[in-house]
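Raw contents of input.csv, CSV, C-alpha atoms and all ligand atoms:
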```csv
chain,number,residue,atom,x,y,z
K,216,MET,CA,0.6,59.3,-2.1
K,217,LYS,CA,-0.8,59.1,-5.6
K,218,PHE,CA,-2.9,56.0,-6.3
K,219,SER,CA,-0.5,54.9,-9.1
K,220,THR,CA,2.5,55.0,-6.7
K,221,LEU,CA,0.5,53.1,-4.1
K,222,ALA,CA,-0.5,50.5,-6.6
K,223,SER,CA,3.0,50.0,-7.9
K,224,SER,CA,4.4,49.7,-4.4
K,225,LEU,CA,1.8,47.1,-3.6
K,226,LEU,CA,2.7,45.3,-6.7
K,227,ALA,CA,6.3,45.4,-5.7
K,228,LEU,CA,5.4,43.7,-2.4
K,229,ALA,CA,3.2,41.0,-4.0
K,230,PRO,CA,5.0,38.8,-6.5
K,231,PHE,CA,1.8,38.2,-8.2
K,232,SER,CA,-1.7,39.7,-7.9
K,233,ALA,CA,-4.5,37.8,-6.3
K,234,ALA,CA,-6.2,37.9,-9.7
K,235,ALA,CA,-3.7,35.5,-10.9
K,236,GLU,CA,-5.0,32.9,-8.5
K,237,ILE,CA,-7.1,30.3,-10.4
K,238,ALA,CA,-8.6,28.4,-7.5
K,239,LYS,CA,-10.1,29.0,-4.1
K,240,ARG,CA,-7.5,28.1,-1.4
K,241,ALA,CA,-7.6,24.8,0.4
K,242,THR,CA,-10.3,23.4,-1.8
K,243,LEU,CA,-10.0,20.9,-4.7
K,244,THR,CA,-11.0,23.0,-7.7
K,245,GLN,CA,-11.5,22.3,-11.3
K,246,VAL,CA,-9.6,24.6,-13.7
K,247,ASN,CA,-10.8,25.2,-17.3
K,248,ASN,CA,-8.8,26.7,-20.1
K,249,PHE,CA,-5.3,25.8,-18.8
K,250,GLY,CA,-4.0,25.7,-22.4
K,251,SER,CA,-4.1,23.4,-25.4
K,252,ASN,CA,-6.0,20.2,-24.4
K,253,PRO,CA,-7.1,18.3,-27.5
K,254,SER,CA,-7.4,15.1,-25.6
K,255,GLY,CA,-9.8,16.6,-23.1
K,256,VAL,CA,-8.0,15.9,-19.8
K,257,ARG,CA,-9.7,17.6,-16.8
K,258,MET,CA,-7.5,19.7,-14.5
K,259,TYR,CA,-8.0,20.0,-10.8
K,260,ILE,CA,-5.8,21.9,-8.4
K,261,TYR,CA,-5.2,22.1,-4.7
K,262,VAL,CA,-3.6,25.3,-3.4
K,263,PRO,CA,-3.1,25.3,0.4
K,264,ASP,CA,-3.8,28.4,2.6
K,265,ASN,CA,-0.2,28.6,3.6
K,266,LEU,CA,1.3,28.7,0.1
K,267,GLN,CA,5.1,29.1,0.0
K,268,ALA,CA,6.5,32.0,-2.0
K,269,LYS,CA,7.8,30.4,-5.3
K,270,PRO,CA,5.9,27.2,-4.4
K,271,PRO,CA,6.8,23.8,-5.5
K,272,ILE,CA,4.3,21.8,-7.6
K,273,LEU,CA,3.4,18.2,-7.4
K,274,THR,CA,1.5,16.6,-10.2
K,275,ALA,CA,-0.4,13.6,-8.7
K,276,ILE,CA,-1.9,11.2,-11.2
K,277,HIS,CA,-4.7,8.7,-10.4
K,278,TYR,CA,-5.1,5.0,-11.1
K,279,CYS,CA,-7.6,3.4,-13.6
K,280,THR,CA,-11.2,4.0,-12.5
K,281,GLY,CA,-9.8,6.8,-10.3
K,282,THR,CA,-10.7,10.5,-10.3
K,283,ALA,CA,-8.9,13.6,-9.2
K,284,ASN,CA,-11.1,13.6,-6.1
K,285,ALA,CA,-10.4,10.0,-5.3
K,286,PHE,CA,-6.6,10.6,-5.5
K,287,TYR,CA,-7.0,13.9,-3.5
K,288,THR,CA,-8.8,12.1,-0.7
K,289,GLY,CA,-7.0,8.8,-1.0
K,290,THR,CA,-3.4,9.9,-0.9
K,291,PRO,CA,-1.5,12.1,1.7
K,292,TYR,CA,-0.4,14.7,-0.9
K,293,ALA,CA,-3.0,17.4,-0.1
K,294,ARG,CA,-2.4,17.2,3.6
K,295,LEU,CA,1.3,17.4,3.0
K,296,ALA,CA,0.7,20.4,0.8
K,297,ASP,CA,-1.1,22.0,3.8
K,298,GLN,CA,1.9,21.2,5.9
K,299,HIS,CA,4.7,22.3,3.4
K,300,GLY,CA,3.0,24.9,1.3
K,301,PHE,CA,3.2,23.4,-2.2
K,302,ILE,CA,0.5,23.1,-5.0
K,303,VAL,CA,-0.9,19.8,-6.1
K,304,ILE,CA,-2.3,19.4,-9.6
K,305,TYR,CA,-4.6,16.4,-10.0
K,306,PRO,CA,-5.2,15.6,-13.7
K,307,GLU,CA,-8.3,13.5,-14.4
K,308,SER,CA,-8.5,11.0,-17.2
K,309,PRO,CA,-11.0,11.6,-20.0
K,310,ASN,CA,-10.8,8.0,-21.2
K,311,ASP,CA,-13.3,5.2,-20.8
K,312,GLY,CA,-12.5,3.3,-17.7
K,313,GLY,CA,-10.5,6.2,-16.3
K,314,CYS,CA,-7.1,4.9,-17.4
K,315,TRP,CA,-4.5,7.1,-18.8
K,316,ASP,CA,-3.5,7.0,-22.4
K,317,VAL,CA,0.0,5.6,-22.1
K,318,SER,CA,-0.3,3.5,-25.2
K,319,SER,CA,-0.8,5.7,-28.2
K,320,ARG,CA,2.1,7.0,-30.3
K,321,ALA,CA,0.8,10.6,-29.7
K,322,THR,CA,1.0,10.3,-25.9
K,323,LEU,CA,4.4,8.7,-26.1
K,324,THR,CA,5.7,11.8,-28.1
K,325,ARG,CA,6.5,15.2,-26.7
K,326,ASP,CA,3.9,17.7,-27.7
K,327,GLY,CA,2.0,14.9,-29.4
K,328,GLY,CA,-1.4,16.4,-28.4
K,329,ALA,CA,-2.5,13.5,-26.3
K,330,ASN,CA,-2.9,13.1,-22.5
K,331,SER,CA,0.8,13.6,-21.6
K,332,ASN,CA,0.8,16.9,-23.5
K,333,SER,CA,-2.3,18.1,-21.6
K,334,ILE,CA,-0.7,17.3,-18.3
K,335,ALA,CA,2.5,19.2,-19.3
K,336,ASN,CA,0.3,22.2,-20.2
K,337,MET,CA,-1.3,22.1,-16.8
K,338,VAL,CA,2.1,22.3,-15.2
K,339,THR,CA,3.4,25.2,-17.3
K,340,TYR,CA,0.1,27.0,-16.7
K,341,THR,CA,0.3,26.6,-13.0
K,342,ILE,CA,4.0,27.7,-12.9
K,343,SER,CA,3.0,30.9,-14.6
K,344,GLN,CA,-0.2,31.6,-12.6
K,345,TYR,CA,1.3,31.0,-9.2
K,346,ASP,CA,4.9,32.1,-9.9
K,347,ALA,CA,5.9,28.6,-8.9
K,348,ASP,CA,9.5,27.4,-8.7
K,349,PRO,CA,10.3,25.7,-12.0
K,350,ASP,CA,13.1,23.9,-10.3
K,351,ARG,CA,10.8,22.2,-7.9
K,352,VAL,CA,8.2,20.6,-10.1
K,353,PHE,CA,7.4,16.9,-9.4
K,354,VAL,CA,5.2,14.1,-10.6
K,355,ALA,CA,3.9,11.0,-8.8
K,356,GLY,CA,1.2,8.4,-9.6
K,357,THR,CA,-0.2,5.0,-8.9
K,358,SER,CA,-0.8,2.2,-11.3
K,359,SER,CA,-2.0,3.8,-14.6
K,360,GLY,CA,-0.8,7.1,-13.0
K,361,ALA,CA,2.6,5.5,-12.4
K,362,MET,CA,2.7,4.5,-16.0
K,363,MET,CA,1.9,8.1,-16.9
K,364,THR,CA,4.6,9.3,-14.4
K,365,ASN,CA,7.2,7.3,-16.4
K,366,VAL,CA,5.7,8.7,-19.6
K,367,MET,CA,5.9,12.3,-18.3
K,368,ALA,CA,9.5,11.8,-17.3
K,369,ALA,CA,10.3,10.6,-20.8
K,370,THR,CA,8.3,13.1,-22.8
K,371,TYR,CA,8.9,16.2,-20.6
K,372,PRO,CA,12.2,15.6,-18.8
K,373,ASP,CA,12.8,19.3,-18.7
K,374,LEU,CA,9.6,20.0,-16.8
K,375,PHE,CA,10.2,17.7,-13.8
K,376,LYS,CA,12.9,17.4,-11.2
K,377,ALA,CA,11.8,14.2,-9.5
K,378,ALA,CA,9.2,11.5,-9.9
K,379,SER,CA,7.8,8.7,-7.8
K,380,ALA,CA,5.9,5.9,-9.5
K,381,TYR,CA,3.9,3.2,-7.6
K,382,ALA,CA,3.2,0.0,-9.5
K,383,GLY,CA,3.6,1.2,-13.1
K,384,VAL,CA,5.5,0.0,-16.1
K,385,ALA,CA,8.5,1.4,-18.1
K,386,ALA,CA,7.6,4.3,-20.4
K,387,GLY,CA,6.5,2.8,-23.7
K,388,CYS,CA,5.8,-0.7,-22.4
K,389,PHE,CA,2.1,-0.2,-22.6
K,390,PHE,CA,2.3,0.8,-26.3
K,391,THR,CA,-0.6,-0.6,-28.4
K,392,GLY,CA,-0.9,2.2,-31.0
K,393,THR,CA,-4.4,3.0,-29.7
K,394,VAL,CA,-5.7,5.5,-27.2
K,395,ALA,CA,-5.7,4.1,-23.6
K,396,GLY,CA,-5.2,0.6,-24.8
K,397,TRP,CA,-4.3,-2.3,-22.5
K,398,ASN,CA,-1.1,-4.1,-23.4
K,399,SER,CA,-1.5,-7.5,-21.8
K,400,SER,CA,2.0,-8.6,-22.6
K,401,CYS,CA,3.4,-5.7,-20.6
K,402,ALA,CA,0.8,-5.9,-17.8
K,403,ASN,CA,1.6,-9.7,-17.5
K,404,GLY,CA,5.3,-9.0,-17.2
K,405,GLN,CA,6.1,-10.6,-20.5
K,406,SER,CA,7.5,-7.5,-22.3
K,407,ILE,CA,11.2,-8.1,-21.5
K,408,ALA,CA,13.9,-6.0,-23.2
K,409,SER,CA,17.5,-5.0,-22.7
K,410,GLN,CA,18.6,-2.0,-20.7
K,411,ASP,CA,19.6,-0.2,-24.0
K,412,ALA,CA,16.3,-1.0,-25.7
K,413,TRP,CA,14.3,0.4,-22.8
K,414,ALA,CA,16.5,3.4,-22.4
K,415,GLN,CA,16.2,4.1,-26.1
K,416,THR,CA,12.4,3.8,-25.9
K,417,ALA,CA,12.4,6.6,-23.3
K,418,LEU,CA,14.9,8.7,-25.2
K,419,ASN,CA,12.9,8.5,-28.4
K,420,MET,CA,10.0,10.3,-26.8
K,421,TYR,CA,11.9,13.5,-26.9
K,422,PRO,CA,14.6,13.0,-29.5
K,423,GLY,CA,17.7,15.1,-29.3
K,424,TYR,CA,17.1,16.3,-25.7
K,425,THR,CA,20.3,16.4,-23.7
K,426,GLY,CA,19.3,18.5,-20.7
K,427,SER,CA,18.5,17.4,-17.1
K,428,ARG,CA,16.1,14.7,-16.3
K,429,PRO,CA,13.9,14.0,-13.2
K,430,LYS,CA,15.4,11.6,-10.7
K,431,MET,CA,13.2,8.5,-10.5
K,432,MET,CA,11.9,6.5,-7.6
K,433,ILE,CA,10.2,3.3,-8.6
K,434,TYR,CA,7.9,1.2,-6.3
K,435,HIS,CA,6.5,-2.2,-7.0
K,436,GLY,CA,5.2,-5.2,-5.0
K,437,SER,CA,6.2,-8.8,-5.5
K,438,ALA,CA,2.6,-9.9,-5.2
K,439,ASP,CA,1.2,-7.5,-7.8
K,440,ALA,CA,-1.2,-9.6,-9.9
K,441,THR,CA,-2.4,-6.7,-12.1
K,442,ILE,CA,0.9,-5.2,-13.3
K,443,HIS,CA,3.1,-8.1,-12.8
K,444,PRO,CA,6.4,-7.8,-10.8
K,445,PRO,CA,8.8,-8.1,-13.8
K,446,ASN,CA,7.8,-4.6,-14.6
K,447,PHE,CA,9.9,-3.4,-11.7
K,448,ASN,CA,13.1,-4.7,-13.2
K,449,GLU,CA,12.1,-3.5,-16.7
K,450,THR,CA,11.5,0.0,-15.4
K,451,MET,CA,14.8,-0.1,-13.5
K,452,LYS,CA,16.5,-1.1,-16.7
K,453,GLN,CA,15.0,1.8,-18.5
K,454,TRP,CA,16.1,4.5,-16.1
K,455,SER,CA,19.4,3.0,-15.2
K,456,GLY,CA,20.1,3.0,-19.0
K,457,VAL,CA,19.0,6.6,-19.3
K,458,PHE,CA,21.2,7.7,-16.4
K,459,GLY,CA,24.2,5.5,-17.3
K,460,TYR,CA,24.0,3.2,-14.3
K,461,THR,CA,24.9,-0.4,-14.6
K,462,TYR,CA,21.6,-2.4,-14.4
K,463,GLY,CA,21.7,-5.2,-11.8
K,464,GLN,CA,24.4,-3.5,-9.8
K,465,PRO,CA,22.8,-1.0,-7.4
K,466,GLN,CA,25.3,1.0,-5.3
K,467,GLN,CA,23.3,0.0,-2.2
K,468,THR,CA,20.8,-2.6,-1.3
K,469,LEU,CA,19.0,-1.7,1.8
K,470,PRO,CA,16.6,-4.4,3.3
K,471,ASN,CA,13.7,-3.2,5.5
K,472,THR,CA,14.0,0.3,4.0
K,473,PRO,CA,12.1,2.5,4.4
K,474,ALA,CA,10.4,-0.3,6.5
K,475,ALA,CA,9.7,-4.0,6.2
K,476,PRO,CA,8.7,-5.6,3.8
K,477,TYR,CA,10.4,-3.1,1.4
K,478,THR,CA,14.0,-3.3,0.1
K,479,LYS,CA,15.5,-0.2,-1.4
K,480,TYR,CA,17.9,-0.4,-4.3
K,481,VAL,CA,19.9,2.8,-4.7
K,482,TYR,CA,21.5,3.0,-8.2
K,483,GLY,CA,22.8,6.5,-7.6
K,484,PRO,CA,21.4,10.0,-6.9
K,485,ASN,CA,19.0,9.7,-9.9
K,486,LEU,CA,17.5,6.3,-9.4
K,487,VAL,CA,16.0,4.4,-6.5
K,488,GLY,CA,13.9,1.3,-6.6
K,489,VAL,CA,11.7,0.2,-3.7
K,490,TYR,CA,10.5,-3.4,-3.9
K,491,GLY,CA,7.9,-4.8,-1.4
K,492,THR,CA,7.9,-8.5,-0.8
K,493,GLY,CA,4.3,-9.7,-0.5
K,494,VAL,CA,3.0,-6.3,-1.5
K,495,THR,CA,0.1,-6.4,-3.9
K,496,HIS,CA,-1.0,-3.9,-6.6
K,497,ASN,CA,-2.7,-2.0,-3.7
K,498,ILE,CA,0.7,-0.5,-2.8
K,499,PRO,CA,0.5,2.4,-0.4
K,500,VAL,CA,1.8,5.8,-1.3
K,501,ASN,CA,4.6,6.8,1.1
K,502,GLY,CA,4.0,10.5,1.4
K,503,ALA,CA,7.0,11.2,3.7
K,504,ALA,CA,9.4,9.3,1.5
K,505,ASP,CA,8.1,11.2,-1.5
K,506,MET,CA,8.6,14.5,0.3
K,507,GLU,CA,12.2,13.6,1.0
K,508,TRP,CA,12.8,12.4,-2.5
K,509,PHE,CA,11.4,15.7,-3.8
K,510,GLY,CA,13.6,17.7,-1.4
K,511,ILE,CA,10.5,19.2,0.2
K,512,THR,CA,11.6,17.9,3.6
K,513,GLY,CA,15.1,17.4,4.8
K,514,GLY,CA,14.3,13.9,6.0
K,515,SER,CA,15.3,13.7,9.6
K,516,THR,CA,12.4,13.3,12.0
K,517,THR,CA,9.5,13.8,9.6
K,518,PRO,CA,6.6,11.4,10.2
K,519,THR,CA,5.8,8.9,7.5
K,520,PRO,CA,2.3,9.4,6.2
K,521,THR,CA,1.4,6.6,3.9
K,522,SER,CA,-2.0,5.9,2.5
K,523,SER,CA,-3.8,3.4,0.4
K,524,ALA,CA,-4.3,4.8,-3.1
K,525,VAL,CA,-6.1,2.0,-4.8
K,526,PRO,CA,-9.7,1.1,-3.9
K,527,GLY,CA,-10.0,-2.1,-1.9
K,528,GLY,CA,-7.1,-1.2,0.5
K,529,PRO,CA,-7.4,-0.7,4.2
K,530,THR,CA,-9.7,2.2,4.9
K,531,THR,CA,-11.1,2.1,8.3
K,532,SER,CA,-10.2,0.8,11.7
K,533,ALA,CA,-10.6,2.0,15.3
K,534,PRO,CA,-8.2,4.8,16.3
K,535,PRO,CA,-5.5,3.8,18.8
K,536,THR,CA,-6.6,3.8,22.4
K,537,GLU,CA,-5.8,6.9,24.4
K,538,PRO,CA,-2.8,6.8,26.7
K,539,SER,CA,-2.3,9.8,29.0
K,540,GLY,CA,0.1,12.6,29.5
K,541,CYS,CA,1.1,13.5,26.0
K,542,ALA,CA,-0.3,15.3,23.0
K,543,ALA,CA,1.0,14.9,19.4
K,544,ALA,CA,0.9,18.0,17.3
K,545,GLN,CA,-1.1,18.4,14.1
K,546,TRP,CA,0.3,16.2,11.3
K,547,ALA,CA,2.3,14.1,13.8
K,548,GLN,CA,2.1,10.4,13.9
K,549,CYS,CA,-0.2,9.0,16.5
K,550,GLY,CA,-0.3,5.3,15.8
K,551,GLY,CA,0.7,2.4,13.6
K,552,ASN,CA,2.5,-0.9,13.8
K,553,GLY,CA,5.7,-0.5,15.7
K,554,TYR,CA,4.9,3.0,16.8
K,555,THR,CA,5.6,3.7,20.4
K,556,GLY,CA,5.2,7.4,20.7
K,557,CYS,CA,2.3,9.6,21.8
K,558,LYS,CA,-1.1,8.3,20.7
K,559,THR,CA,-3.2,11.3,21.7
K,560,CYS,CA,-3.5,14.4,19.5
K,561,ALA,CA,-3.4,18.0,20.8
K,562,SER,CA,-6.8,19.5,20.7
K,563,PRO,CA,-8.6,20.0,18.4
K,564,PHE,CA,-6.9,17.4,16.2
K,565,LYS,CA,-8.0,13.8,16.0
K,566,CYS,CA,-6.0,10.7,15.4
K,567,ASN,CA,-6.9,9.4,11.9
K,568,PHE,CA,-6.2,5.9,10.8
K,569,VAL,CA,-4.3,6.0,7.5
K,570,ASN,CA,-3.0,2.5,7.2
K,571,ASP,CA,-1.6,-0.3,9.3
K,572,TRP,CA,1.6,1.6,9.7
K,573,TYR,CA,0.4,5.0,10.2
K,574,SER,CA,-2.2,7.1,12.0
K,575,GLN,CA,-1.9,10.9,11.8
K,576,CYS,CA,-3.2,13.9,13.9
K,577,LEU,CA,-5.4,15.9,11.6
A,601,LIG,C1,2.8,-4.5,-26.1
A,601,LIG,O1,4.0,-3.8,-25.9
A,601,LIG,C2,5.1,-4.6,-26.4
A,601,LIG,C3,6.4,-3.8,-26.0
A,601,LIG,O2,6.3,-3.3,-24.7
A,601,LIG,C4,5.0,-4.7,-27.9
A,601,LIG,O3,6.1,-5.5,-28.3
A,601,LIG,C5,3.7,-5.4,-28.2
A,601,LIG,O4,3.5,-5.4,-29.6
A,601,LIG,C6,2.6,-4.6,-27.6
A,601,LIG,N1,1.3,-5.2,-27.8
A,601,LIG,C7,0.3,-4.7,-28.5
A,601,LIG,C8,-1.0,-5.5,-28.5
A,601,LIG,O5,0.5,-3.7,-29.2
A,602,LIG,C1,14.8,-8.7,-10.9
A,602,LIG,O1,16.1,-8.9,-11.2
A,602,LIG,C2,16.8,-9.6,-10.2
A,602,LIG,C3,18.3,-9.7,-10.6
A,602,LIG,O2,18.7,-8.6,-11.3
A,602,LIG,C4,16.2,-10.9,-9.9
A,602,LIG,O3,16.9,-11.5,-8.8
A,602,LIG,C5,14.8,-10.7,-9.5
A,602,LIG,O4,14.2,-12.0,-9.4
A,602,LIG,C6,14.0,-9.9,-10.6
A,602,LIG,N1,12.7,-9.7,-10.2
A,602,LIG,C7,11.6,-10.0,-10.9
A,602,LIG,C8,10.3,-9.7,-10.2
A,602,LIG,O5,11.7,-10.5,-12.0
```
Let me see the file written as structure tokens.
Amino acid sequence: MKFSTLASSLLALAPFSAAAEIAKRATLTQVNNFGSNPSGVRMYIYVPDNLQAKPPILTAIHYCTGTANAFYTGTPYARLADQHGFIVIYPESPNDGGCWDVSSRATLTRDGGANSNSIANMVTYTISQYDADPDRVFVAGTSSGAMMTNVMAATYPDLFKAASAYAGVAAGCFFTGTVAGWNSSCANGQSIASQDAWAQTALNMYPGYTGSRPKMMIYHGSADATIHPPNFNETMKQWSGVFGYTYGQPQQTLPNTPAAPYTKYVYGPNLVGVYGTGVTHNIPVNGAADMEWFGITGGSTTPTPTSSAVPGGPTTSAPPTEPSGCAAAQWAQCGGNGYTGCKTCASPFKCNFVNDWYSQCL
């Protein structure tokens, strides 16, 4: 067989060459030169060893003072990527204080050259480098990252299929006209507008766009003293307006869902709100619920990894005591409030405390 024939048959087998890989597998790696990046956002990527063919991509956006590494270690997404074979992009803020620019006119405008534009460029770069599935690109974030999640959904609705925002604000609510400004009126829950006004604010970020938009899952806690609770309703107004749902009339109200103290408000297939009574700004990321929302899991018996994403949350505690006669598999649940299953992990995995509701064999 001639070398050229061999080479072309190898190429036919491999959808992309190893040279296209931009990062060492299973290691959080910084990527330079991912495309136009005038606002200087840093890009980190996590590519698991067991990458799916045509992998999904999750863009996971940190909170103020956060870093790519803090969000990588403090949320369940990278472990879920190991389990399900998707790529995680962790953008890192270049701004003082580590907050995202969700306040300038440029970032609230498609292709405006600010932080939102840079994050979009990371996504398109990763789709091309890894031959990823453009129909399975997702975005999630906490606090400032949740604000950016809403901004990404408004500025690049064509890029994302689903989003999950923990303790953010409606896209545009943080506008100050400055880069990474702090809009106290919004943070304090005093920026109240109509459903139409919020929807129009989002639509104006990509004028004339009529294509598909990511479905939105919005989390907030009633005891959030940083980004005050009215922001939950304002964000629900925004997306219910965009999707044409009647604000204030969810199709379903599900108490204790996915678990107490949360109530889930299902407006329709494109919008769900999850409101936690007594939950503070330190709202845990519910990795399993996100996987279901993104369609990465089917959602039957998947365990529910959750984790504290904001500093100051629960971080350590003794692992559950060992019962006998069972062994939970890698990734399986092994403890947590209300959990009655096996608390011992199959060797060599150890039961790791994640939060009060969830310990996991890792
Ligand atoms: C904060 O945002 C609101 C709208 O959400 C706007 O009316 C107000 O002017 C903004 N505040 C500043 C300081 O720009
Ligand atoms: C959100 O709106 C509902 C009614 O639509 C209201 O009962 C609830 O108090 C509001 N929540 C907040 C935090 O303002």
Return as a PyMOL selection string every polymer residue, whether protein, DNA or RNA, with at least one atom no more than 8 Å from an atom of ligand LIG 602 (chain A); count all atoms listed in the file.
chain K and resi 437+443-448+462-464
Name each residue within 7 Å of ligand LIG 601 (chain A), counting all atoms listed in the file, as a PyMOL selection string.
chain K and resi 387-392+398-401+406
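The shortest atom-to-atom distance to K:Phe249, with all atoms listed in the file taken into account, belongs to K:Ile342 out of K:Leu295, K:Ala438, K:Ile342, K:Val303.
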Nearest candidate to K:Asp311 (options K:Val384, K:Ala296, K:Ala395, K:Ile334; using all atoms listed in the file)
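Once distances to K:Asp311 are computed over all atoms listed in the file, the minimum belongs to K:Ala395.
Residues having any atom no farther than 10 Å from (23.5, 4.1, -15.4) (counting all atoms listed in the file) are Gln410, Ala414, Met451, Lys452, Gln453, Trp454, Ser455, Gly456, Val457, Phe458, Gly459, Tyr460, Thr461, Tyr462, Gln464, Pro465, Tyr482, Gly483, Asn485 and Leu486 of chain K.
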Which residue out of K:Gly312, K:Gly327, K:Pro499, K:Pro484 has the minimum interatomic distance to K:Ala377 when all atoms listed in the file are used?
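Smallest separation from K:Ala377 among the options: K:Pro484.
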Who sits within 7 Å of stretch 262-274 of chain K, all atoms listed in the file, same chain under 2 positions skipped, as a PyMOL selection string
chain K and resi 240-241+260+276+296-297+300-305+346-348+351-355
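Note that the spacing between atom CA of K:Ile433 and atom CA of K:Asp326 amounts to 24.7 Å.
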By how many Å are atom CA of K:Ser318 and atom CA of K:Val366 apart?
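Going from atom CA of K:Ser318 over to atom CA of K:Val366 covers 9.7 Å.
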Figure out the distance between atom CA of K:Val317 and atom CA of K:Gly255, please, to one decimal in Å.
14.8 Å
Tell me, as an mmCIF file with C-alpha atoms, keeping the file's coordinate frame, which residues lie within 6 Å of K:Ala542, counting all atoms listed in the file; anything in the same chain fewer than 3 positions away does not count.
```cif
data_model
loop_
_atom_site.group_PDB
_atom_site.id
_atom_site.type_symbol
_atom_site.label_atom_id
_atom_site.label_comp_id
_atom_site.auth_asym_id
_atom_site.auth_seq_id
_atom_site.Cartn_x
_atom_site.Cartn_y
_atom_site.Cartn_z
ATOM 1 C CA THR K 559 -3.200 11.300 21.700
ATOM 2 C CA CYS K 560 -3.500 14.400 19.500
ATOM 3 C CA ALA K 561 -3.400 18.000 20.800
#
```
With only C-alpha atoms as the counted atoms, please give the residues lying no more than 8 Å from K:Tyr292, apart from itself and same-chain residues fewer than 5 positions off, as JSON, numbers by chain.
{"K": [275, 287, 303, 502]}
With distances taken over only C-alpha atoms, which residue among K:Val481, K:Ala412, K:Ala382, K:Leu418 lies nearest K:Met367?
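Nearest to K:Met367: K:Leu418.
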What's the 10 Å shell around K:Asp316, counting only C-alpha atoms, without same-chain residues fewer than 6 positions away, as an NGL selection string?
:K and (254 or 308-310 or 322-323 or 329-331 or 359-360 or 362-363 or 366 or 389-390 or 393-397)
So, with all atoms listed in the file as the atoms that count, which of K:Val489, K:Met420, K:Ala235, K:Met432 lies closest to K:Thr364?
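That would be K:Met432, the residue with the smallest distance to K:Thr364.
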Where atoms are missing, can you supply N, CA and C atoms for stretch 266-280 of chain K and output the lot as a CSV table (one decimal), keeping the file's coordinate frame?
```
chain,number,residue,atom,x,y,z
K,266,LEU,N,0.5,29.0,1.3
K,266,LEU,CA,1.3,28.7,0.1
K,266,LEU,C,2.7,29.3,0.3
K,267,GLN,N,3.7,28.6,0.0
K,267,GLN,CA,5.1,29.1,0.0
K,267,GLN,C,5.2,30.2,-1.1
K,268,ALA,N,6.1,31.2,-0.9
K,268,ALA,CA,6.5,32.0,-2.0
K,268,ALA,C,7.3,31.1,-3.0
K,269,LYS,N,7.1,31.3,-4.3
K,269,LYS,CA,7.8,30.4,-5.3
K,269,LYS,C,7.5,29.0,-5.0
K,270,PRO,N,6.2,28.6,-4.9
K,270,PRO,CA,5.9,27.2,-4.4
K,270,PRO,C,6.3,26.1,-5.3
K,271,PRO,N,6.7,25.0,-4.7
K,271,PRO,CA,6.8,23.8,-5.5
K,271,PRO,C,5.5,23.3,-6.0
K,272,ILE,N,5.5,22.4,-7.1
K,272,ILE,CA,4.3,21.8,-7.6
K,272,ILE,C,4.4,20.3,-7.7
K,273,LEU,N,3.4,19.6,-7.2
K,273,LEU,CA,3.4,18.2,-7.4
K,273,LEU,C,2.2,17.8,-8.3
K,274,THR,N,2.5,17.1,-9.3
K,274,THR,CA,1.5,16.6,-10.2
K,274,THR,C,1.1,15.2,-9.8
K,275,ALA,N,-0.1,14.9,-9.3
K,275,ALA,CA,-0.4,13.6,-8.7
K,275,ALA,C,-1.5,12.9,-9.6
K,276,ILE,N,-1.1,11.8,-10.1
K,276,ILE,CA,-1.9,11.2,-11.2
K,276,ILE,C,-2.5,9.9,-10.7
K,277,HIS,N,-3.9,9.8,-10.9
K,277,HIS,CA,-4.7,8.7,-10.4
K,277,HIS,C,-4.5,7.4,-11.2
K,278,TYR,N,-5.1,6.4,-10.6
K,278,TYR,CA,-5.1,5.0,-11.1
K,278,TYR,C,-6.3,4.8,-12.0
K,279,CYS,N,-6.4,3.7,-12.8
K,279,CYS,CA,-7.6,3.4,-13.6
K,279,CYS,C,-8.8,3.4,-12.7
K,280,THR,N,-9.9,3.9,-13.2
K,280,THR,CA,-11.2,4.0,-12.5
K,280,THR,C,-11.1,5.2,-11.4
```
